[in-house]
Amino acid sequence: MKAKLAVLLATSPLWAAALPWRASAGFSDESVFVHNLQPGQHESLVYVWTSDADAKDPDFVSVIDADPNSPTYATVVATAPTGSPANEAHHFGYTADADRIFAGGLFSNRLFIYDVKTNPRAPRLVRTVPDLAATTGYSGPHTFYAVPGGVMIAMLGGKDGGAPGGLVKLDNDGNFMHALAAPEYMYDVGVRPDLNLMVSSSWAHPHTIMKGMAPMDQVGDEVVAWDFTTGKVLQEVHLDKAPLEIRWLHASRARGGFVNCAFGNSVWYWEVKDGKLAFTKTLQLPDGSIPADMRISYDDRFLFVSLFGANAVHQYDISNPLRPTLVSTVTVPQAQMMKLSPDNQRLYISNSLLSNLDGKAPYRVRLINVAAAGMSLDPKFDVDFEHLPTGQGRPHDMLLK
């Protein structure tokens, strides 16, 4: 199967240039193609894609010292500005070799490419693509997912900010290669190359999101399964409103994953059966919980769910993925994006969603210590984003180095 897949990837007009895929106990990025931290390796840095809160100064990548033996542990040791404000710094991702970071401006459609190989503690901006809409035909760069030969970006909308969203592939220098149109909406994407399956999710189109909370009749509910090598849509399933994060289980034998529906306050499990995805609602959370992000431990034992509306992070035992059981809860105001260390012991969490949706909680990046018996906030890791050199910053996505 893997030999056949390598041939398909190499000859495919969409995802050309094969990289061997191998199961791993942990990744430093959601893309299975990224090679960075090893399972037993402790991260030394946390990169945070950060918006300048008042949009007067350039947005930037923040660098947090994550080495507990360092004198500057749990502090921002550097920032790498974009050179432009008001981008809505939202998501970013590594290239497959983790030498570069692709960072997107959700509202500006700009792409910023940073070198993090030369000096990891001081990322260097090497290229800015001023308008992805002009170069790709799509707008609202959201998820950045490393693939063989470049980076795949889930774009929320078309060139004019409306329907449909799509998937675009850029090479490692940011040059446009290929694009796929979604049925209508787009949000996140996740790939299981050994199954030749790619799954994408839904939110809303850019022109709607930029106005604030999107009306429910302008929010997607579909999850789409694609043939990874050809880009053909295989299946479209409708769930609750705003199915967001696509999280495949990690084990090579696993055939399922989870998706959280933010406006349905629900979590669903899918399983691949006879080549199709079968979905089951496994968690119905209280109204207003707004499940924002999810992570699965690399041993597939636990599911972590951040609840932006409930100001909390939940840890669930998923030994039976159809019946998750709550293990522990920690309070985190505006709980948002999470990043799990490869050894499953540390869960970093940020607390900014969007400039037009955030509340009044002080901006922070916190660390949650994880154990089988439960979670606890680390009192030594409480990184202040209220008093940066340019003022208040809004931390969203994170990467480990």
# chains A, B, ... in the order shown; residues from 1 in each chain; ligands from 1

call {"tool": "closest_atom_pairs", "arguments": {"of": "range 270-331 of chain A", "to": "range 29-43 of chain A", "cutoff": "12 Å", "atoms": "only C-alpha atoms", "output": "CSV"}}
result
residue,atom,partner,partner_atom,distance
A:Met294,CA,A:Glu30,CA,11.0
A:Arg295,CA,A:Glu30,CA,9.1
A:Ile296,CA,A:Glu30,CA,10.2
A:Ser297,CA,A:Pro39,CA,11.6
A:Tyr298,CA,A:Pro39,CA,9.0
A:Asp299,CA,A:Pro39,CA,10.7

call {"tool": "select_by_dssp", "arguments": {"residues": "range 161-297 of chain A", "states": "strand (DSSP E)", "output": "PyMOL selection string"}}
result
chain A and resi 166-170+176-181+189-192+197-200+222-227+233-238+243-248+256-261+266-273+276-284+291-296

call {"tool": "closest_atom_pairs", "arguments": {"of": "range 87-167 of chain A", "to": "range 228-234 of chain A", "cutoff": "12 Å", "atoms": "only C-alpha atoms", "output": "tab-separated table"}}
result
residue	atom	partner	partner_atom	distance
A:Val147	CA	A:Phe228	CA	10.6
A:Pro148	CA	A:Thr229	CA	11.2
A:Met152	CA	A:Phe228	CA	11.7
A:Gly166	CA	A:Gly231	CA	11.1
A:Leu167	CA	A:Gly231	CA	9.4

call {"tool": "closest_residue", "arguments": {"among": "A:Pro68, A:Gly157, A:Gly391, A:Gly264", "to": "Pro291 in chain A", "atoms": "only C-alpha atoms"}}
result
A:Gly264

call {"tool": "residues_around", "arguments": {"residues": "Leu125 in chain A", "least_positions_apart": "4", "cutoff": "9 Å", "atoms": "only C-alpha atoms", "output": "ChimeraX atom specification"}}
result
/A:80-82,112-115

call {"tool": "write_last_selection", "arguments": {"atoms": "C-alpha atoms", "output": "tab-separated table (two decimals), in the first residue's frame"}}
result
chain	number	residue	atom	x	y	z
A	80	ALA	CA	9.55	38.69	14.60
A	81	PRO	CA	7.29	41.35	13.06
A	82	THR	CA	5.49	41.05	9.74
A	112	PHE	CA	4.52	35.60	5.71
A	113	ILE	CA	7.30	33.02	5.40
A	114	TYR	CA	9.78	32.77	8.27
A	115	ASP	CA	13.13	31.01	8.44

call {"tool": "residues_around", "arguments": {"residues": "Ala292 in chain A", "least_positions_apart": "3", "cutoff": "8 Å", "atoms": "only C-alpha atoms", "output": "JSON, numbers by chain"}}
result
{"A": [244, 245, 260, 262, 305, 306, 307, 308, 335, 336, 337]}

call {"tool": "write_last_selection", "arguments": {"atoms": "C-alpha atoms", "output": "mmCIF file, in the first residue's frame"}}
result
data_model
loop_
_atom_site.group_PDB
_atom_site.id
_atom_site.type_symbol
_atom_site.label_atom_id
_atom_site.label_comp_id
_atom_site.auth_asym_id
_atom_site.auth_seq_id
_atom_site.Cartn_x
_atom_site.Cartn_y
_atom_site.Cartn_z
ATOM 1 C CA LEU A 244 -14.115 22.864 12.973
ATOM 2 C CA GLU A 245 -11.021 20.854 13.922
ATOM 3 C CA ASN A 260 -15.974 19.540 17.118
ATOM 4 C CA ALA A 262 -18.625 24.915 17.707
ATOM 5 C CA VAL A 305 -11.301 19.999 24.134
ATOM 6 C CA SER A 306 -11.037 23.756 24.716
ATOM 7 C CA LEU A 307 -14.329 25.489 25.492
ATOM 8 C CA PHE A 308 -14.099 29.156 24.550
ATOM 9 C CA ALA A 335 -9.762 28.812 26.226
ATOM 10 C CA GLN A 336 -8.761 28.679 22.593
ATOM 11 C CA MET A 337 -5.921 26.994 20.651
#
